[in-house]
$ cat work.csv   # CSV, N, CA, C and O atoms
chain,number,residue,atom,x,y,z
A,290,MET,N,-12.8,38.7,234.8
A,290,MET,CA,-11.8,38.3,233.8
A,290,MET,C,-10.6,37.6,234.5
A,290,MET,O,-10.0,38.2,235.4
A,291,ASP,N,-10.4,36.3,234.2
A,291,ASP,CA,-9.3,35.6,234.9
A,291,ASP,C,-8.0,35.9,234.2
A,291,ASP,O,-7.9,36.6,233.2
A,292,GLU,N,-6.9,35.4,234.8
A,292,GLU,CA,-5.5,35.7,234.3
A,292,GLU,C,-5.4,35.2,232.8
A,292,GLU,O,-4.7,35.9,232.0
A,293,ASN,N,-5.9,34.1,232.4
A,293,ASN,CA,-5.8,33.6,231.0
A,293,ASN,C,-6.5,34.6,230.1
A,293,ASN,O,-6.1,34.8,229.0
A,294,ASP,N,-7.7,35.0,230.5
A,294,ASP,CA,-8.5,36.0,229.7
A,294,ASP,C,-7.7,37.3,229.5
A,294,ASP,O,-7.7,37.8,228.4
A,295,LYS,N,-7.1,37.8,230.6
A,295,LYS,CA,-6.3,39.0,230.5
A,295,LYS,C,-5.1,38.8,229.6
A,295,LYS,O,-4.9,39.7,228.7
A,296,LEU,N,-4.4,37.7,229.7
A,296,LEU,CA,-3.3,37.5,228.8
A,296,LEU,C,-3.7,37.4,227.4
A,296,LEU,O,-3.1,37.9,226.5
A,297,ASN,N,-4.8,36.7,227.1
A,297,ASN,CA,-5.3,36.5,225.7
A,297,ASN,C,-5.8,37.9,225.2
A,297,ASN,O,-5.5,38.2,224.0
A,298,TYR,N,-6.4,38.7,226.0
A,298,TYR,CA,-6.8,40.1,225.6
A,298,TYR,C,-5.6,40.9,225.2
A,298,TYR,O,-5.6,41.5,224.2
A,299,ILE,N,-4.5,40.8,226.0
A,299,ILE,CA,-3.3,41.5,225.7
A,299,ILE,C,-2.7,41.0,224.4
A,299,ILE,O,-2.4,41.8,223.5
A,300,LYS,N,-2.6,39.7,224.3
A,300,LYS,CA,-2.0,39.1,223.0
A,300,LYS,C,-2.8,39.5,221.8
A,300,LYS,O,-2.3,39.7,220.7
A,301,SER,N,-4.1,39.6,221.9
A,301,SER,CA,-5.0,39.9,220.8
A,301,SER,C,-5.0,41.4,220.4
A,301,SER,O,-5.2,41.7,219.3
A,302,ASN,N,-4.7,42.3,221.4
A,302,ASN,CA,-4.9,43.7,221.1
A,302,ASN,C,-3.6,44.5,221.2
A,302,ASN,O,-3.6,45.7,220.9
A,303,PHE,N,-2.5,43.9,221.7
A,303,PHE,CA,-1.3,44.7,221.9
A,303,PHE,C,-0.8,45.3,220.6
A,303,PHE,O,-0.5,46.5,220.6
A,304,TRP,N,-0.6,44.5,219.6
A,304,TRP,CA,0.1,45.1,218.4
A,304,TRP,C,-0.9,46.0,217.7
A,304,TRP,O,-0.4,47.0,217.0
A,305,LYS,N,-2.1,45.9,217.8
A,305,LYS,CA,-3.1,46.8,217.2
A,305,LYS,C,-2.9,48.2,217.9
A,305,LYS,O,-2.8,49.2,217.2
A,306,LYS,N,-2.8,48.2,219.2
A,306,LYS,CA,-2.5,49.5,220.0
A,306,LYS,C,-1.2,50.1,219.6
A,306,LYS,O,-1.1,51.3,219.4
A,307,ILE,N,-0.2,49.2,219.4
A,307,ILE,CA,1.1,49.7,219.1
A,307,ILE,C,1.1,50.4,217.7
A,307,ILE,O,1.6,51.5,217.5
A,308,LYS,N,0.3,49.8,216.7
A,308,LYS,CA,0.2,50.4,215.4
A,308,LYS,C,-0.6,51.7,215.5
A,308,LYS,O,-0.3,52.7,214.8
A,309,GLU,N,-1.6,51.8,216.4
A,309,GLU,CA,-2.4,53.0,216.5
A,309,GLU,C,-1.6,54.2,217.1
A,309,GLU,O,-1.7,55.3,216.6
A,310,THR,N,-0.7,53.8,218.0
A,310,THR,CA,0.1,54.9,218.6
A,310,THR,C,1.2,55.3,217.8
A,310,THR,O,1.7,56.4,217.9
A,311,GLY,N,1.7,54.4,216.9
A,311,GLY,CA,2.8,54.7,216.1
A,311,GLY,C,4.0,55.0,216.9
A,311,GLY,O,4.2,54.4,217.9
A,312,LYS,N,4.7,56.0,216.5
A,312,LYS,CA,5.9,56.4,217.3
A,312,LYS,C,5.6,57.7,218.1
A,312,LYS,O,6.5,58.5,218.4
A,313,LYS,N,4.3,57.9,218.4
A,313,LYS,CA,3.9,59.1,219.1
A,313,LYS,C,4.3,59.2,220.5
A,313,LYS,O,4.4,60.2,221.1
A,314,ILE,N,4.6,58.0,221.1
A,314,ILE,CA,4.9,58.0,222.5
A,314,ILE,C,6.4,57.7,222.7
A,314,ILE,O,6.9,56.7,222.1
A,315,PRO,N,7.1,58.4,223.6
A,315,PRO,CA,8.5,58.2,223.8
A,315,PRO,C,8.9,56.9,224.5
A,315,PRO,O,10.0,56.5,224.5
A,316,PHE,N,7.9,56.3,225.1
A,316,PHE,CA,8.1,55.1,225.9
A,316,PHE,C,7.7,53.8,225.2
A,316,PHE,O,7.5,52.7,225.8
A,317,LEU,N,7.5,53.9,223.9
A,317,LEU,CA,7.1,52.8,223.1
A,317,LEU,C,8.0,51.5,223.2
A,317,LEU,O,7.5,50.4,223.4
A,318,LYS,N,9.3,51.8,223.1
A,318,LYS,CA,10.2,50.6,223.2
A,318,LYS,C,10.1,49.9,224.6
A,318,LYS,O,10.2,48.7,224.7
A,319,ASP,N,9.9,50.7,225.6
A,319,ASP,CA,9.7,50.1,227.0
A,319,ASP,C,8.5,49.3,227.0
A,319,ASP,O,8.5,48.2,227.6
A,320,VAL,N,7.4,49.8,226.4
A,320,VAL,CA,6.1,49.0,226.4
A,320,VAL,C,6.3,47.7,225.7
A,320,VAL,O,5.9,46.6,226.2
A,321,ILE,N,7.0,47.7,224.6
A,321,ILE,CA,7.2,46.5,223.8
A,321,ILE,C,8.1,45.5,224.6
A,321,ILE,O,7.9,44.3,224.6
A,322,ALA,N,9.2,46.1,225.2
A,322,ALA,CA,10.0,45.2,226.0
A,322,ALA,C,9.3,44.6,227.2
A,322,ALA,O,9.5,43.4,227.5
A,323,MET,N,8.4,45.3,227.8
A,323,MET,CA,7.5,44.8,228.8
A,323,MET,C,6.7,43.6,228.3
A,323,MET,O,6.5,42.6,229.0
A,324,TYR,N,6.2,43.8,227.1
A,324,TYR,CA,5.4,42.7,226.5
A,324,TYR,C,6.2,41.4,226.3
A,324,TYR,O,5.8,40.3,226.7
A,325,TYR,N,7.4,41.6,225.8
A,325,TYR,CA,8.3,40.4,225.7
A,325,TYR,C,8.7,39.8,227.0
A,325,TYR,O,8.9,38.6,227.1
A,326,CYS,N,8.8,40.7,228.0
A,326,CYS,CA,9.1,40.2,229.4
A,326,CYS,C,8.0,39.4,229.9
A,326,CYS,O,8.2,38.3,230.5
A,327,LEU,N,6.8,39.8,229.6
A,327,LEU,CA,5.6,39.1,230.0
A,327,LEU,C,5.5,37.7,229.4
A,327,LEU,O,5.2,36.7,230.0
A,328,LEU,N,5.9,37.6,228.1
A,328,LEU,CA,5.9,36.3,227.4
A,328,LEU,C,7.1,35.4,227.8
A,328,LEU,O,7.0,34.2,227.5
A,329,ASP,N,8.1,35.9,228.5
A,329,ASP,CA,9.3,35.1,228.9
A,329,ASP,C,8.9,34.2,230.1
A,329,ASP,O,8.5,34.7,231.1
A,330,GLU,N,9.2,32.9,229.9
A,330,GLU,CA,8.8,31.9,230.9
A,330,GLU,C,9.7,32.1,232.2
A,330,GLU,O,9.3,31.6,233.2
A,331,ASN,N,10.8,32.8,232.1
A,331,ASN,CA,11.7,33.1,233.2
A,331,ASN,C,11.3,34.3,234.1
A,331,ASN,O,11.9,34.5,235.1
A,332,THR,N,10.3,35.0,233.6
A,332,THR,CA,9.9,36.2,234.4
A,332,THR,C,9.0,35.7,235.5
A,332,THR,O,8.2,34.8,235.4
A,333,SER,N,9.3,36.3,236.7
A,333,SER,CA,8.5,35.9,237.9
A,333,SER,C,7.0,36.2,237.8
A,333,SER,O,6.6,37.1,237.0
A,334,LEU,N,6.2,35.5,238.5
A,334,LEU,CA,4.8,35.7,238.5
A,334,LEU,C,4.4,37.1,239.0
A,334,LEU,O,3.5,37.7,238.4
A,335,SER,N,5.1,37.6,240.0
A,335,SER,CA,4.7,38.9,240.5
A,335,SER,C,5.0,40.0,239.4
A,335,SER,O,4.3,40.9,239.3
A,336,ALA,N,6.1,39.8,238.7
A,336,ALA,CA,6.4,40.8,237.6
A,336,ALA,C,5.4,40.7,236.5
A,336,ALA,O,4.9,41.7,236.0
A,337,LYS,N,5.1,39.4,236.2
A,337,LYS,CA,4.0,39.2,235.1
A,337,LYS,C,2.7,39.9,235.5
A,337,LYS,O,2.0,40.5,234.7
A,338,ALA,N,2.3,39.8,236.8
A,338,ALA,CA,1.1,40.4,237.2
A,338,ALA,C,1.1,41.9,237.1
A,338,ALA,O,0.2,42.5,236.6
A,339,SER,N,2.3,42.5,237.4
A,339,SER,CA,2.4,44.0,237.3
A,339,SER,C,2.4,44.4,235.8
A,339,SER,O,1.7,45.4,235.4
A,340,ILE,N,3.0,43.6,234.9
A,340,ILE,CA,3.0,43.9,233.5
A,340,ILE,C,1.6,43.7,232.9
A,340,ILE,O,1.2,44.6,232.1
A,341,VAL,N,0.9,42.7,233.3
A,341,VAL,CA,-0.4,42.5,232.8
A,341,VAL,C,-1.3,43.7,233.1
A,341,VAL,O,-2.0,44.3,232.3
A,342,LEU,N,-1.2,44.2,234.4
A,342,LEU,CA,-2.1,45.4,234.7
A,342,LEU,C,-1.7,46.6,234.0
A,342,LEU,O,-2.5,47.3,233.5
A,343,ALA,N,-0.4,46.8,233.8
A,343,ALA,CA,0.1,48.0,233.1
A,343,ALA,C,-0.3,47.9,231.6
A,343,ALA,O,-0.8,48.9,231.0
A,344,LEU,N,-0.1,46.8,231.0
A,344,LEU,CA,-0.5,46.6,229.6
A,344,LEU,C,-2.0,46.7,229.3
A,344,LEU,O,-2.4,47.2,228.3
A,345,LEU,N,-2.7,46.1,230.3
A,345,LEU,CA,-4.2,46.3,230.2
A,345,LEU,C,-4.6,47.7,230.2
A,345,LEU,O,-5.5,48.2,229.4
A,346,TYR,N,-4.0,48.5,231.1
A,346,TYR,CA,-4.3,49.9,231.1
A,346,TYR,C,-3.9,50.6,229.8
A,346,TYR,O,-4.6,51.5,229.3
A,347,PHE,N,-2.7,50.3,229.3
A,347,PHE,CA,-2.2,50.9,228.1
A,347,PHE,C,-3.1,50.6,226.9
A,347,PHE,O,-3.4,51.5,226.1
A,348,ILE,N,-3.6,49.4,226.8
A,348,ILE,CA,-4.4,48.9,225.7
A,348,ILE,C,-5.8,49.4,225.8
A,348,ILE,O,-6.5,49.7,224.8
A,349,SER,N,-6.3,49.5,227.0
A,349,SER,CA,-7.7,49.8,227.3
A,349,SER,C,-8.1,51.2,226.6
A,349,SER,O,-7.4,52.2,226.7
A,350,PRO,N,-9.3,51.2,226.0
A,350,PRO,CA,-9.8,52.4,225.5
A,350,PRO,C,-10.3,53.4,226.5
A,350,PRO,O,-10.5,54.6,226.3
A,351,VAL,N,-10.5,52.9,227.8
A,351,VAL,CA,-10.9,53.7,228.9
A,351,VAL,C,-9.7,54.1,229.7
A,351,VAL,O,-9.0,53.3,230.2
A,352,ASP,N,-9.4,55.4,229.7
A,352,ASP,CA,-8.3,56.0,230.4
A,352,ASP,C,-8.7,57.1,231.3
A,352,ASP,O,-9.8,57.7,231.1
A,353,ALA,N,-7.9,57.4,232.3
A,353,ALA,CA,-8.1,58.6,233.2
A,353,ALA,C,-8.0,59.9,232.3
A,353,ALA,O,-8.8,60.8,232.5
A,354,ILE,N,-7.1,59.9,231.4
A,354,ILE,CA,-7.0,61.0,230.4
A,354,ILE,C,-7.0,60.3,229.0
A,354,ILE,O,-6.2,59.6,228.6
A,355,PRO,N,-8.1,60.6,228.3
A,355,PRO,CA,-8.3,59.9,226.9
A,355,PRO,C,-7.1,60.2,226.0
A,355,PRO,O,-6.5,61.3,226.0
A,356,ASP,N,-6.7,59.1,225.3
A,356,ASP,CA,-5.5,59.2,224.5
A,356,ASP,C,-5.6,60.2,223.3
A,356,ASP,O,-4.6,60.6,222.7
A,357,ILE,N,-6.9,60.6,223.0
A,357,ILE,CA,-7.0,61.5,221.8
A,357,ILE,C,-6.7,62.9,222.2
A,357,ILE,O,-6.6,63.8,221.3
A,358,ILE,N,-6.6,63.3,223.5
A,358,ILE,CA,-6.3,64.6,223.9
A,358,ILE,C,-4.8,64.9,223.6
A,358,ILE,O,-3.9,64.2,224.2
A,359,LEU,N,-4.5,65.8,222.7
A,359,LEU,CA,-3.1,66.1,222.3
A,359,LEU,C,-2.3,66.5,223.5
A,359,LEU,O,-2.7,67.2,224.4
A,360,ALA,N,-1.1,66.1,223.5
A,360,ALA,CA,-0.1,66.4,224.5
A,360,ALA,C,-0.3,65.7,225.9
A,360,ALA,O,0.6,65.4,226.6
A,361,LEU,N,-1.5,65.6,226.3
A,361,LEU,CA,-1.8,65.0,227.6
A,361,LEU,C,-2.3,63.6,227.5
A,361,LEU,O,-2.3,62.9,228.5
A,362,GLY,N,-2.8,63.1,226.4
A,362,GLY,CA,-3.4,61.8,226.3
A,362,GLY,C,-2.7,60.6,226.8
A,362,GLY,O,-3.3,59.7,227.3
A,363,TYR,N,-1.4,60.6,226.6
A,363,TYR,CA,-0.6,59.5,227.1
A,363,TYR,C,0.2,59.7,228.4
A,363,TYR,O,1.0,58.9,228.8
A,364,THR,N,-0.1,60.8,229.1
A,364,THR,CA,0.6,61.1,230.3
A,364,THR,C,0.3,60.1,231.4
A,364,THR,O,1.1,59.7,232.2
A,365,ASP,N,-1.0,59.7,231.5
A,365,ASP,CA,-1.4,58.7,232.5
A,365,ASP,C,-0.8,57.4,232.1
A,365,ASP,O,-0.3,56.6,233.0
A,366,ASP,N,-0.8,57.0,230.9
A,366,ASP,CA,-0.2,55.7,230.4
A,366,ASP,C,1.3,55.8,230.8
A,366,ASP,O,1.8,54.7,231.3
A,367,ALA,N,2.0,56.9,230.5
A,367,ALA,CA,3.4,57.0,230.8
A,367,ALA,C,3.7,56.8,232.3
A,367,ALA,O,4.6,56.1,232.7
A,368,GLY,N,2.8,57.3,233.2
A,368,GLY,CA,2.9,57.1,234.6
A,368,GLY,C,2.8,55.7,235.0
A,368,GLY,O,3.6,55.2,235.8
A,369,VAL,N,1.8,55.0,234.5
A,369,VAL,CA,1.6,53.6,234.8
A,369,VAL,C,2.8,52.8,234.3
A,369,VAL,O,3.3,51.9,235.0
A,370,ILE,N,3.3,53.0,233.1
A,370,ILE,CA,4.4,52.3,232.5
A,370,ILE,C,5.7,52.6,233.3
A,370,ILE,O,6.4,51.6,233.6
A,371,ALA,N,5.9,53.8,233.6
A,371,ALA,CA,7.1,54.2,234.4
A,371,ALA,C,7.2,53.5,235.8
A,371,ALA,O,8.2,53.0,236.2
A,372,THR,N,6.0,53.5,236.4
A,372,THR,CA,5.9,52.8,237.7
A,372,THR,C,6.2,51.3,237.6
A,372,THR,O,6.9,50.7,238.4
A,373,THR,N,5.6,50.7,236.6
A,373,THR,CA,5.8,49.3,236.4
A,373,THR,C,7.2,49.0,236.1
A,373,THR,O,7.8,48.0,236.5
A,374,LEU,N,7.8,49.8,235.2
A,374,LEU,CA,9.2,49.6,234.9
A,374,LEU,C,10.1,49.6,236.2
A,374,LEU,O,11.0,48.8,236.3
A,375,LEU,N,9.8,50.5,237.1
A,375,LEU,CA,10.6,50.5,238.4
A,375,LEU,C,10.4,49.2,239.2
A,375,LEU,O,11.3,48.6,239.8
A,376,ILE,N,9.1,48.7,239.2
A,376,ILE,CA,8.8,47.5,239.9
A,376,ILE,C,9.5,46.3,239.3
A,376,ILE,O,9.9,45.4,240.0
A,377,ILE,N,9.5,46.2,238.0
A,377,ILE,CA,10.0,45.0,237.3
A,377,ILE,C,11.4,45.1,236.8
A,377,ILE,O,11.8,44.2,236.0
A,378,LYS,N,12.1,46.2,237.1
A,378,LYS,CA,13.4,46.4,236.4
A,378,LYS,C,14.4,45.2,236.5
A,378,LYS,O,15.1,45.0,235.6
A,379,SER,N,14.3,44.4,237.5
A,379,SER,CA,15.2,43.3,237.6
A,379,SER,C,14.8,42.2,236.7
A,379,SER,O,15.6,41.3,236.4
A,380,GLN,N,13.6,42.2,236.2
A,380,GLN,CA,13.1,41.2,235.3
A,380,GLN,C,13.3,41.5,233.9
A,380,GLN,O,13.3,40.6,233.0
A,381,LEU,N,13.4,42.8,233.5
A,381,LEU,CA,13.6,43.2,232.1
A,381,LEU,C,15.1,42.9,231.7
A,381,LEU,O,16.0,43.3,232.4
A,382,LYS,N,15.2,42.1,230.7
A,382,LYS,CA,16.5,41.7,230.2
A,382,LYS,C,16.9,42.4,228.9
A,382,LYS,O,16.0,42.8,228.2
A,383,PRO,N,18.2,42.4,228.6
A,383,PRO,CA,18.6,43.0,227.3
A,383,PRO,C,17.9,42.3,226.1
A,383,PRO,O,17.6,43.0,225.1
A,384,GLU,N,17.6,41.0,226.2
A,384,GLU,CA,17.0,40.4,225.1
A,384,GLU,C,15.5,40.9,224.9
A,384,GLU,O,15.0,40.9,223.8
A,385,HIS,N,14.9,41.3,225.9
A,385,HIS,CA,13.5,41.9,225.8
A,385,HIS,C,13.6,43.2,225.0
A,385,HIS,O,12.8,43.5,224.1
A,386,TYR,N,14.6,44.0,225.3
A,386,TYR,CA,14.8,45.3,224.6
A,386,TYR,C,15.3,45.0,223.1
A,386,TYR,O,14.9,45.7,222.2
A,387,ALA,N,16.1,44.0,223.0
A,387,ALA,CA,16.5,43.6,221.6
A,387,ALA,C,15.3,43.2,220.7
A,387,ALA,O,15.2,43.7,219.6
A,388,LYS,N,14.4,42.5,221.3
A,388,LYS,CA,13.2,42.1,220.5
A,388,LYS,C,12.4,43.3,220.3
A,388,LYS,O,11.8,43.4,219.2
A,389,ALA,N,12.3,44.2,221.2
A,389,ALA,CA,11.5,45.4,221.0
A,389,ALA,C,12.1,46.3,219.9
A,389,ALA,O,11.4,46.8,219.1
A,390,THR,N,13.4,46.4,219.9
A,390,THR,CA,14.1,47.1,218.8
A,390,THR,C,13.8,46.5,217.5
A,390,THR,O,13.5,47.2,216.5
A,391,GLU,N,13.9,45.1,217.4
A,391,GLU,CA,13.6,44.4,216.1
A,391,GLU,C,12.2,44.7,215.7
A,391,GLU,O,12.0,44.9,214.5
A,392,SER,N,11.3,44.7,216.6
A,392,SER,CA,9.9,44.9,216.2
A,392,SER,C,9.6,46.3,215.7
A,392,SER,O,8.6,46.5,215.0
A,393,LEU,N,10.4,47.2,216.0
A,393,LEU,CA,10.2,48.6,215.6
A,393,LEU,C,10.8,48.9,214.2
A,393,LEU,O,10.6,50.0,213.7
A,394,LEU,N,11.6,48.0,213.7
A,394,LEU,CA,12.3,48.2,212.4
A,394,LEU,C,11.3,48.0,211.3
A,394,LEU,O,10.4,47.3,211.3
$ encode --input "work.csv" --output "structure tokens"
Amino acid sequence: MDENDKLNYIKSNFWKKIKETGKKIPFLKDVIAMYYCLLDENTSLSAKASIVLALLYFISPVDAIPDIILALGYTDDAGVIATTLLIIKSQLKPEHYAKATESLL
């Protein structure tokens, strides 16, 4: 899967996964902000690469800990998202979080 395929996969499946998780996960706003950061043309390529990998893991139905397991299902996703947030923190802008907030309304 090349980079364009990965990006298209994320764009095609991201909002479906967000709807499936609902507000079950405390890091939902961060995930959505990362998505908007990915789409931002001012985001560095290295940050975009990290975001792509994190969002692919989040969206993927194959997880280290399946999402259907209550209480534990999203802990592996949370770890991946938290690590990626640390890596890309300088790239995440207030406008990414503003768009995330808007999309949750």
$ closest_residue --input "work.csv" --among "A:Ser392, A:Gln380, A:Thr310, A:Thr364" --to "Asn331 (chain A)" --atoms "only C-alpha atoms"
A:Gln380
$ residues_around --input "work.csv" --residues "Ile321 (chain A)" --least-positions-apart "2" --cutoff "8 Å" --atoms "all atoms listed in the file" --output "count of residues only"
16
$ closest_residue --input "work.csv" --among "A:Thr332, A:Ser379, A:Thr372, A:Ser349" --to "Phe303 (chain A)" --atoms "only C-alpha atoms"
A:Ser349
$ residues_around --input "work.csv" --residues "Ala338 (chain A)" --least-positions-apart "5" --cutoff "9 Å" --atoms "only C-alpha atoms" --output "list in words"
Glu292, Leu327, Ser333 and Ala343 of chain A
$ build_atoms --input "work.csv" --residues "region 373-383 of chain A" --atoms "all heavy atoms" --output "short mmCIF file (atom, residue, chain, number, x, y, z; two decimals), in the frame of the given file"
data_model
loop_
_atom_site.label_atom_id
_atom_site.label_comp_id
_atom_site.auth_asym_id
_atom_site.auth_seq_id
_atom_site.Cartn_x
_atom_site.Cartn_y
_atom_site.Cartn_z
N THR A 373 5.60 50.70 236.60
CA THR A 373 5.80 49.30 236.40
C THR A 373 7.20 49.00 236.10
O THR A 373 7.80 48.00 236.50
CB THR A 373 4.79 48.80 235.30
OG1 THR A 373 3.46 49.14 235.68
CG2 THR A 373 4.89 47.29 235.13
N LEU A 374 7.80 49.80 235.20
CA LEU A 374 9.20 49.60 234.90
C LEU A 374 10.10 49.60 236.20
O LEU A 374 11.00 48.80 236.30
CB LEU A 374 9.75 50.65 233.93
CG LEU A 374 9.25 50.51 232.50
CD1 LEU A 374 9.61 51.75 231.69
CD2 LEU A 374 9.81 49.26 231.84
N LEU A 375 9.80 50.50 237.10
CA LEU A 375 10.60 50.50 238.40
C LEU A 375 10.40 49.20 239.20
O LEU A 375 11.30 48.60 239.80
CB LEU A 375 10.16 51.68 239.23
CG LEU A 375 10.63 53.04 238.76
CD1 LEU A 375 10.00 54.14 239.59
CD2 LEU A 375 12.15 53.13 238.81
N ILE A 376 9.10 48.70 239.20
CA ILE A 376 8.80 47.50 239.90
C ILE A 376 9.50 46.30 239.30
O ILE A 376 9.90 45.40 240.00
CB ILE A 376 7.25 47.30 239.96
CG1 ILE A 376 6.61 48.42 240.80
CG2 ILE A 376 6.87 45.93 240.50
CD1 ILE A 376 5.09 48.48 240.69
N ILE A 377 9.50 46.20 238.00
CA ILE A 377 10.00 45.00 237.30
C ILE A 377 11.40 45.10 236.80
O ILE A 377 11.80 44.20 236.00
CB ILE A 377 9.03 44.55 236.18
CG1 ILE A 377 9.03 45.59 235.05
CG2 ILE A 377 7.64 44.33 236.72
CD1 ILE A 377 8.58 45.05 233.73
N LYS A 378 12.10 46.20 237.10
CA LYS A 378 13.40 46.40 236.40
C LYS A 378 14.40 45.20 236.50
O LYS A 378 15.10 45.00 235.60
CB LYS A 378 14.07 47.68 236.94
CG LYS A 378 14.47 47.64 238.39
CD LYS A 378 15.04 48.97 238.82
CE LYS A 378 15.24 48.97 240.32
NZ LYS A 378 15.66 50.26 240.79
N SER A 379 14.30 44.40 237.50
CA SER A 379 15.20 43.30 237.60
C SER A 379 14.80 42.20 236.70
O SER A 379 15.60 41.30 236.40
CB SER A 379 15.32 42.76 239.06
OG SER A 379 14.08 42.20 239.45
N GLN A 380 13.60 42.20 236.20
CA GLN A 380 13.10 41.20 235.30
C GLN A 380 13.30 41.50 233.90
O GLN A 380 13.30 40.60 233.00
CB GLN A 380 11.61 40.92 235.60
CG GLN A 380 11.30 40.47 237.01
CD GLN A 380 11.77 39.07 237.29
OE1 GLN A 380 11.43 38.14 236.57
NE2 GLN A 380 12.57 38.90 238.33
N LEU A 381 13.40 42.80 233.50
CA LEU A 381 13.60 43.20 232.10
C LEU A 381 15.10 42.90 231.70
O LEU A 381 16.00 43.30 232.40
CB LEU A 381 13.36 44.68 231.97
CG LEU A 381 11.92 45.06 231.72
CD1 LEU A 381 11.75 46.57 231.79
CD2 LEU A 381 11.43 44.54 230.39
N LYS A 382 15.20 42.10 230.70
CA LYS A 382 16.50 41.70 230.20
C LYS A 382 16.90 42.40 228.90
O LYS A 382 16.00 42.80 228.20
CB LYS A 382 16.53 40.16 230.04
CG LYS A 382 16.05 39.37 231.24
CD LYS A 382 17.01 39.52 232.40
CE LYS A 382 16.52 38.69 233.58
NZ LYS A 382 16.85 39.19 234.85
N PRO A 383 18.20 42.40 228.60
CA PRO A 383 18.60 43.00 227.30
C PRO A 383 17.90 42.30 226.10
O PRO A 383 17.60 43.00 225.10
CB PRO A 383 20.12 42.74 227.29
CG PRO A 383 20.51 42.68 228.73
CD PRO A 383 19.35 42.03 229.44
#
